[in-house]
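Shown next: final_27.tsv, given as TSV, C-alpha atoms.
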chain	number	residue	atom	x	y	z
A	1	MET	CA	-19.62	9.03	64.76
A	2	PHE	CA	-22.55	9.02	62.31
A	3	ALA	CA	-20.50	10.91	59.74
A	4	HIS	CA	-17.68	8.40	60.01
A	5	THR	CA	-20.11	5.49	59.68
A	6	LYS	CA	-21.64	7.04	56.57
A	7	ILE	CA	-18.24	7.50	54.98
A	8	ARG	CA	-17.33	3.89	55.74
A	9	THR	CA	-20.60	2.73	54.18
A	10	LEU	CA	-20.01	4.82	51.06
A	11	LEU	CA	-16.48	3.48	50.78
A	12	SER	CA	-17.78	-0.07	51.18
A	13	TRP	CA	-20.33	0.51	48.42
A	14	GLY	CA	-17.68	2.08	46.25
A	15	PHE	CA	-15.25	-0.79	46.71
A	16	GLY	CA	-18.06	-3.28	46.25
A	17	PHE	CA	-19.06	-1.59	42.99
A	18	ILE	CA	-15.47	-1.65	41.73
A	19	ILE	CA	-15.12	-5.31	42.69
A	20	LEU	CA	-18.38	-6.06	40.87
A	21	LEU	CA	-17.10	-4.27	37.75
A	22	ILE	CA	-13.82	-6.15	37.91
A	23	ALA	CA	-15.68	-9.46	38.30
A	24	ILE	CA	-17.91	-8.66	35.31
A	25	MET	CA	-14.96	-7.63	33.15
A	26	ALA	CA	-13.01	-10.71	34.24
A	27	ALA	CA	-15.95	-12.90	33.21
A	28	ILE	CA	-16.15	-11.13	29.84
A	29	THR	CA	-12.38	-11.52	29.41
A	30	PHE	CA	-12.62	-15.23	30.21
A	31	GLN	CA	-15.48	-15.73	27.77
A	32	ARG	CA	-13.77	-13.81	24.97
A	33	SER	CA	-10.48	-15.56	25.63
A	34	ASN	CA	-12.25	-18.89	25.16
A	35	SER	CA	-13.81	-17.60	21.93
A	36	VAL	CA	-10.41	-16.44	20.65
A	37	GLY	CA	-8.89	-19.79	21.57
A	38	ASN	CA	-11.66	-21.67	19.76
A	39	LEU	CA	-11.30	-19.53	16.64
A	40	VAL	CA	-7.52	-19.92	16.60
A	41	ALA	CA	-7.98	-23.68	16.96
A	42	GLU	CA	-10.49	-23.61	14.09
A	43	VAL	CA	-8.08	-21.73	11.83
A	44	THR	CA	-4.93	-23.70	12.66
A	45	GLY	CA	-6.51	-27.07	13.33
A	46	ALA	CA	-9.32	-27.20	10.79
A	47	SER	CA	-9.56	-24.50	8.12
A	48	TYR	CA	-5.86	-24.25	7.26
A	49	PRO	CA	-5.30	-28.03	7.02
A	50	LYS	CA	-8.32	-28.34	4.71
A	51	VAL	CA	-7.04	-25.59	2.42
A	52	THR	CA	-3.58	-27.17	2.42
A	53	ALA	CA	-5.01	-30.61	1.65
A	54	ALA	CA	-7.03	-29.24	-1.27
A	55	TYR	CA	-3.97	-27.44	-2.66
A	56	GLU	CA	-1.86	-30.61	-2.43
A	57	LEU	CA	-4.66	-32.58	-4.06
A	58	ARG	CA	-4.78	-30.14	-6.97
A	59	LEU	CA	-0.99	-30.17	-7.31
A	60	ASN	CA	-0.92	-33.95	-7.65
A	61	VAL	CA	-3.79	-33.89	-10.15
A	62	VAL	CA	-1.77	-31.48	-12.30
A	63	ARG	CA	1.35	-33.62	-11.89
A	64	ASN	CA	-0.55	-36.66	-13.11
A	65	TRP	CA	-1.81	-34.67	-16.07
A	66	SER	CA	1.79	-33.81	-16.97
A	67	ASN	CA	2.71	-37.47	-16.71
A	68	THR	CA	-0.25	-38.35	-18.88
A	69	LEU	CA	1.14	-36.05	-21.56
A	70	LEU	CA	4.58	-37.66	-21.22
A	71	LEU	CA	3.13	-41.11	-21.84
A	72	LEU	CA	2.14	-40.03	-25.33
A	73	ILE	CA	5.72	-39.18	-26.30
A	74	THR	CA	7.62	-41.86	-24.34
A	75	ASN	CA	8.72	-44.82	-26.43
A	76	ASP	CA	10.83	-46.96	-24.09
A	77	ALA	CA	9.31	-49.38	-21.57
A	78	GLY	CA	11.53	-48.17	-18.74
A	79	GLY	CA	10.38	-44.57	-19.12
A	80	SER	CA	6.76	-45.61	-19.30
A	81	LYS	CA	7.11	-47.67	-16.11
A	82	ARG	CA	8.75	-44.78	-14.27
A	83	ILE	CA	5.93	-42.46	-15.30
A	84	ALA	CA	3.31	-45.04	-14.32
A	85	ASP	CA	4.91	-45.52	-10.90
A	86	GLU	CA	4.99	-41.77	-10.31
A	87	MET	CA	1.34	-41.48	-11.33
A	88	ALA	CA	0.46	-44.24	-8.87
A	89	GLY	CA	2.24	-42.34	-6.09
A	90	ASN	CA	0.46	-39.11	-6.99
A	91	SER	CA	-2.87	-40.93	-7.08
A	92	LYS	CA	-2.25	-42.27	-3.57
A	93	VAL	CA	-1.65	-38.73	-2.30
A	94	ILE	CA	-4.88	-37.62	-4.01
A	95	THR	CA	-6.81	-40.48	-2.37
A	96	ASP	CA	-5.32	-39.68	1.06
A	97	LYS	CA	-6.29	-36.00	0.74
A	98	PHE	CA	-9.82	-36.92	-0.30
A	99	GLU	CA	-10.12	-39.19	2.76
A	100	PHE	CA	-8.85	-36.40	5.02
A	101	LEU	CA	-11.31	-33.88	3.57
A	102	ASN	CA	-14.16	-36.36	3.82
A	103	LYS	CA	-13.43	-36.83	7.54
A	104	THR	CA	-12.96	-33.15	8.41
A	105	ILE	CA	-15.50	-31.25	6.30
A	106	VAL	CA	-18.71	-30.86	8.30
A	107	THR	CA	-20.66	-28.00	6.68
A	108	ASP	CA	-23.36	-28.73	4.10
A	109	THR	CA	-21.75	-26.42	1.54
A	110	GLY	CA	-18.36	-28.04	2.06
A	111	LYS	CA	-19.84	-31.52	1.66
A	112	GLN	CA	-21.58	-30.51	-1.56
A	113	LEU	CA	-18.35	-29.11	-2.98
A	114	LEU	CA	-16.50	-32.26	-1.97
A	115	ALA	CA	-19.17	-34.44	-3.62
A	116	THR	CA	-18.72	-32.43	-6.83
A	117	MET	CA	-14.96	-33.01	-6.62
A	118	LEU	CA	-15.41	-36.75	-6.14
A	119	GLN	CA	-17.75	-37.00	-9.10
A	120	ALA	CA	-15.35	-34.96	-11.25
A	121	ARG	CA	-12.49	-37.24	-10.20
A	122	LYS	CA	-14.46	-40.36	-11.10
A	123	ASP	CA	-15.40	-38.92	-14.48
A	124	TYR	CA	-11.84	-37.82	-15.23
A	125	THR	CA	-10.16	-41.07	-14.16
A	126	GLU	CA	-12.60	-43.18	-16.19
A	127	HIS	CA	-11.80	-41.17	-19.31
A	128	ARG	CA	-8.10	-41.26	-18.51
A	129	LYS	CA	-8.27	-45.07	-18.48
A	130	GLN	CA	-9.70	-44.93	-21.98
A	131	TYR	CA	-6.83	-42.70	-23.02
A	132	LEU	CA	-4.21	-45.00	-21.48
A	133	GLU	CA	-5.72	-47.96	-23.32
A	134	MET	CA	-5.38	-46.04	-26.58
A	135	VAL	CA	-1.73	-45.28	-25.80
A	136	LYS	CA	-1.09	-48.90	-24.80
A	137	SER	CA	-2.60	-50.19	-28.02
A	138	GLY	CA	-0.29	-47.90	-30.02
A	139	ASN	CA	-3.07	-45.75	-31.46
A	140	LYS	CA	-1.32	-42.46	-30.70
A	141	VAL	CA	-3.20	-40.32	-33.22
A	142	GLU	CA	-6.56	-41.23	-31.71
A	143	ALA	CA	-5.09	-40.92	-28.22
A	144	ASP	CA	-3.80	-37.42	-28.97
A	145	GLN	CA	-7.20	-36.29	-30.25
A	146	PHE	CA	-8.92	-37.78	-27.21
A	147	LEU	CA	-6.37	-36.15	-24.90
A	148	THR	CA	-6.69	-32.60	-26.27
A	149	GLY	CA	-10.45	-32.82	-26.57
A	150	THR	CA	-12.44	-34.98	-24.15
A	151	LEU	CA	-9.82	-35.67	-21.48
A	152	GLN	CA	-8.61	-32.07	-21.18
A	153	ALA	CA	-12.19	-30.88	-20.74
A	154	LYS	CA	-12.69	-33.45	-17.95
A	155	LEU	CA	-9.49	-32.27	-16.29
A	156	GLU	CA	-10.55	-28.62	-16.41
A	157	PHE	CA	-13.87	-29.43	-14.75
A	158	TYR	CA	-12.04	-31.50	-12.11
A	159	VAL	CA	-9.63	-28.66	-11.31
A	160	GLN	CA	-12.50	-26.15	-11.20
A	161	ALA	CA	-14.26	-28.37	-8.67
A	162	ILE	CA	-11.13	-28.44	-6.49
A	163	ASN	CA	-10.78	-24.65	-6.82
A	164	GLY	CA	-14.37	-24.29	-5.63
A	165	LEU	CA	-13.55	-26.05	-2.36
A	166	ILE	CA	-10.29	-24.12	-1.96
A	167	LYS	CA	-12.14	-20.82	-2.38
A	168	TYR	CA	-14.85	-21.81	0.10
A	169	GLN	CA	-12.40	-23.02	2.76
A	170	THR	CA	-10.18	-19.96	2.27
A	171	VAL	CA	-13.17	-17.65	2.85
A	172	GLN	CA	-14.02	-19.62	6.00
A	173	MET	CA	-10.44	-19.31	7.23
A	174	GLU	CA	-10.26	-15.57	6.50
A	175	SER	CA	-13.60	-14.97	8.20
A	176	ASN	CA	-12.40	-16.77	11.34
A	177	SER	CA	-9.14	-14.82	11.24
A	178	VAL	CA	-10.98	-11.47	11.05
A	179	GLU	CA	-13.25	-12.46	13.94
A	180	THR	CA	-10.22	-13.56	15.97
A	181	VAL	CA	-8.52	-10.18	15.47
A	182	SER	CA	-11.73	-8.37	16.42
A	183	LEU	CA	-12.12	-10.37	19.64
A	184	ALA	CA	-8.44	-9.90	20.47
A	185	ASN	CA	-8.77	-6.12	20.06
A	186	GLY	CA	-11.82	-6.21	22.31
A	187	LEU	CA	-9.83	-8.07	24.93
A	188	LYS	CA	-7.12	-5.43	24.71
A	189	THR	CA	-9.67	-2.68	25.41
A	190	ILE	CA	-11.13	-4.62	28.34
A	191	ASN	CA	-7.69	-5.14	29.84
A	192	ILE	CA	-6.91	-1.40	29.55
A	193	VAL	CA	-10.18	-0.49	31.31
A	194	LEU	CA	-9.54	-3.16	33.93
A	195	SER	CA	-6.06	-1.79	34.57
A	196	ILE	CA	-7.44	1.73	35.02
A	197	LEU	CA	-10.05	0.52	37.52
A	198	VAL	CA	-7.55	-1.51	39.51
A	199	GLY	CA	-4.99	1.31	39.40
Would you encode the structure as structure tokens?
Amino acid sequence: MFAHTKIRTLLSWGFGFIILLIAIMAAITFQRSNSVGNLVAEVTGASYPKVTAAYELRLNVVRNWSNTLLLLITNDAGGSKRIADEMAGNSKVITDKFEFLNKTIVTDTGKQLLATMLQARKDYTEHRKQYLEMVKSGNKVEADQFLTGTLQAKLEFYVQAINGLIKYQTVQMESNSVETVSLANGLKTINIVLSILVG
């Protein structure tokens, strides 16, 4: 009788210990699953959209630069209006992307990079207005010199500022992706151990 009672007690302890292990591993799995979910949401819902917005912003800046060059060689009013309308559309996209980034960037480094971009944009657009006035007044020689000197330098600084944010956000996205894979692999290991214990 005593021997049977002892065996039952040992079995109870053994099952209790296994249940405790399963509960602990389930809690760890739940916590890591939440972490994976949060990181995936960060990558797909925050980091990636910011990188995409910055790329689209840069693309439209370059498009407007190309249109700026076209204005120097376009002679007819219809062509100039078409170019101006396209530039206005590109500028709207640029403004929309800046507004999106301003709303979604929360880190101090990101905000500093965005502030640099905004200042570079202001500087570039102010000088571009000067250039467009030169073109409008018919002073194409002076406009060409201003374009290839001052305005191009402003553009390069502007694009570099955008590239700085793209690089920063890309690093953030890649870091989150690596951490997500690491946590997912950890979950896989936990599930294997859990399956062995249950089996």
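For the atom pair formed by CA of Thr95 (chain A) and CA of Arg58 (chain A), the distance is 11.5 Å, given to one decimal.
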Pick from A:Ser12, A:Thr109, A:Thr68, A:Ser175, whichever lies nearest to Lys129 (chain A) using only C-alpha atoms: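 So, comparing all the options, the nearest one is A:Thr68.
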Counting all atoms listed in the file, the option among A:Val51, A:Leu147, A:Leu57, A:Leu70 closest to Val93 (chain A): A:Leu57
Straight-line distance linking CA of Lys154 (chain A) with CA of Lys50 (chain A), stated in Å to one decimal: 23.6 Å
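Take CA of Ala54 (chain A) and CA of Thr107 (chain A): the distance between them is 15.8 Å.
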Residue neighbourhood region 130-137 of chain A, 8 Å, all atoms listed in the file, exclusion window fewer than 4 positions, as a ChimeraX atom specification: /A:71-72,126,142-143,146-147,151
Shortest interatomic distance to Asp96 (chain A) - which of A:Ser80, A:Asn67, A:Asn60, A:Gln112, counting all atoms listed in the file: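 Nearest candidate to Asp96 (chain A) out of A:Ser80, A:Asn67, A:Asn60, A:Gln112: A:Asn60.
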Shortest interatomic distance to Lys140 (chain A) - which of A:Ala88, A:Ile73, A:Ile7, A:Ile105, counting all atoms listed in the file: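 Ranking A:Ala88, A:Ile73, A:Ile7, A:Ile105 by distance to Lys140 (chain A), first place goes to A:Ile73.
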Could you name the residues that touch Thr52 (chain A) at 10 Å or less, counting all atoms listed in the file, but leaving out those on the same chain fewer than 5 positions away, as an mmCIF file with C-alpha atoms, keeping the file's coordinate frame?
data_model
loop_
_atom_site.group_PDB
_atom_site.id
_atom_site.type_symbol
_atom_site.label_atom_id
_atom_site.label_comp_id
_atom_site.auth_asym_id
_atom_site.auth_seq_id
_atom_site.Cartn_x
_atom_site.Cartn_y
_atom_site.Cartn_z
ATOM 1 C CA SER A 47 -9.560 -24.500 8.120
ATOM 2 C CA LEU A 57 -4.660 -32.580 -4.060
ATOM 3 C CA ARG A 58 -4.780 -30.140 -6.970
ATOM 4 C CA LYS A 97 -6.290 -36.000 0.740
ATOM 5 C CA ILE A 166 -10.290 -24.120 -1.960
ATOM 6 C CA GLN A 169 -12.400 -23.020 2.760
ATOM 7 C CA THR A 170 -10.180 -19.960 2.270
#
Test item: residues at most 8 Å from Tyr158 (chain A), only C-alpha atoms, excluding those fewer than 4 positions along its chain, as a list in words: Met117, Ala120, Arg121, Tyr124, Lys154 and Ile162 of chain A
Closest of A:Ala77, A:Gly89, A:Phe157, A:Leu113 to Leu101 (chain A) - atom-to-atom distances counting all atoms listed in the file: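 Between A:Ala77, A:Gly89, A:Phe157, A:Leu113, the residue approaching Leu101 (chain A) most closely is A:Leu113.
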Box for region 100-119 of chain A: with edges along x, y and z, all listed atoms inside and 5 Å added on each side, what are the centre and edge lengths in Å to one decimal, as AutoDock Vina command-line options?
--center_x -16.1 --center_y -31.7 --center_z -0.3 --size_x 24.5 --size_y 20.6 --size_z 27.5
Which residue of A:Ile19, A:Met173, A:Val62, A:Gln145 approaches Ile94 (chain A) most closely, using all atoms listed in the file: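 The closest residue to Ile94 (chain A) is A:Val62.
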Any chance you could build region 81-102 of chain A out to N, CA and C atoms and write it as an mmCIF file, keeping the file's coordinate frame?
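Listed below is the output, selection21.cif:
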data_model
loop_
_atom_site.group_PDB
_atom_site.id
_atom_site.type_symbol
_atom_site.label_atom_id
_atom_site.label_comp_id
_atom_site.auth_asym_id
_atom_site.auth_seq_id
_atom_site.Cartn_x
_atom_site.Cartn_y
_atom_site.Cartn_z
ATOM 1 N N LYS A 81 7.301 -47.107 -17.455
ATOM 2 C CA LYS A 81 7.110 -47.670 -16.110
ATOM 3 C C LYS A 81 7.380 -46.613 -15.039
ATOM 4 N N ARG A 82 8.429 -45.829 -15.238
ATOM 5 C CA ARG A 82 8.750 -44.780 -14.270
ATOM 6 C C ARG A 82 7.604 -43.784 -14.153
ATOM 7 N N ILE A 83 7.051 -43.400 -15.293
ATOM 8 C CA ILE A 83 5.930 -42.460 -15.300
ATOM 9 C C ILE A 83 4.713 -43.066 -14.614
ATOM 10 N N ALA A 84 4.455 -44.353 -14.920
ATOM 11 C CA ALA A 84 3.310 -45.040 -14.320
ATOM 12 C C ALA A 84 3.454 -45.139 -12.807
ATOM 13 N N ASP A 85 4.669 -45.416 -12.342
ATOM 14 C CA ASP A 85 4.910 -45.520 -10.900
ATOM 15 C C ASP A 85 4.701 -44.156 -10.223
ATOM 16 N N GLU A 86 5.166 -43.111 -10.870
ATOM 17 C CA GLU A 86 4.990 -41.770 -10.310
ATOM 18 C C GLU A 86 3.513 -41.390 -10.265
ATOM 19 N N MET A 87 2.787 -41.758 -11.302
ATOM 20 C CA MET A 87 1.340 -41.480 -11.330
ATOM 21 C C MET A 87 0.617 -42.223 -10.207
ATOM 22 N N ALA A 88 1.072 -43.453 -9.947
ATOM 23 C CA ALA A 88 0.460 -44.240 -8.870
ATOM 24 C C ALA A 88 0.712 -43.569 -7.518
ATOM 25 N N GLY A 89 1.924 -43.051 -7.328
ATOM 26 C CA GLY A 89 2.240 -42.340 -6.090
ATOM 27 C C GLY A 89 1.412 -41.081 -5.931
ATOM 28 N N ASN A 90 1.277 -40.329 -7.016
ATOM 29 C CA ASN A 90 0.460 -39.110 -6.990
ATOM 30 C C ASN A 90 -1.004 -39.444 -6.693
ATOM 31 N N SER A 91 -1.473 -40.527 -7.296
ATOM 32 C CA SER A 91 -2.870 -40.930 -7.080
ATOM 33 C C SER A 91 -3.121 -41.315 -5.631
ATOM 34 N N LYS A 92 -2.112 -41.916 -4.994
ATOM 35 C CA LYS A 92 -2.250 -42.270 -3.570
ATOM 36 C C LYS A 92 -2.379 -41.014 -2.718
ATOM 37 N N VAL A 93 -1.562 -40.002 -3.024
ATOM 38 C CA VAL A 93 -1.650 -38.730 -2.300
ATOM 39 C C VAL A 93 -3.049 -38.131 -2.477
ATOM 40 N N ILE A 94 -3.547 -38.160 -3.703
ATOM 41 C CA ILE A 94 -4.880 -37.620 -4.010
ATOM 42 C C ILE A 94 -5.938 -38.346 -3.174
ATOM 43 N N THR A 95 -5.847 -39.683 -3.144
ATOM 44 C CA THR A 95 -6.810 -40.480 -2.370
ATOM 45 C C THR A 95 -6.725 -40.142 -0.883
ATOM 46 N N ASP A 96 -5.498 -40.016 -0.357
ATOM 47 C CA ASP A 96 -5.320 -39.680 1.060
ATOM 48 C C ASP A 96 -5.933 -38.322 1.388
ATOM 49 N N LYS A 97 -5.747 -37.348 0.500
ATOM 50 C CA LYS A 97 -6.290 -36.000 0.740
ATOM 51 C C LYS A 97 -7.817 -36.016 0.680
ATOM 52 N N PHE A 98 -8.366 -36.801 -0.227
ATOM 53 C CA PHE A 98 -9.820 -36.920 -0.300
ATOM 54 C C PHE A 98 -10.368 -37.535 0.997
ATOM 55 N N GLU A 99 -9.689 -38.546 1.506
ATOM 56 C CA GLU A 99 -10.120 -39.190 2.760
ATOM 57 C C GLU A 99 -10.060 -38.206 3.921
ATOM 58 N N PHE A 100 -8.983 -37.405 3.954
ATOM 59 C CA PHE A 100 -8.850 -36.400 5.020
ATOM 60 C C PHE A 100 -9.992 -35.376 4.939
ATOM 61 N N LEU A 101 -10.250 -34.878 3.745
ATOM 62 C CA LEU A 101 -11.310 -33.880 3.570
ATOM 63 C C LEU A 101 -12.675 -34.465 3.911
ATOM 64 N N ASN A 102 -12.878 -35.709 3.542
ATOM 65 C CA ASN A 102 -14.160 -36.360 3.820
ATOM 66 C C ASN A 102 -14.397 -36.493 5.324
#
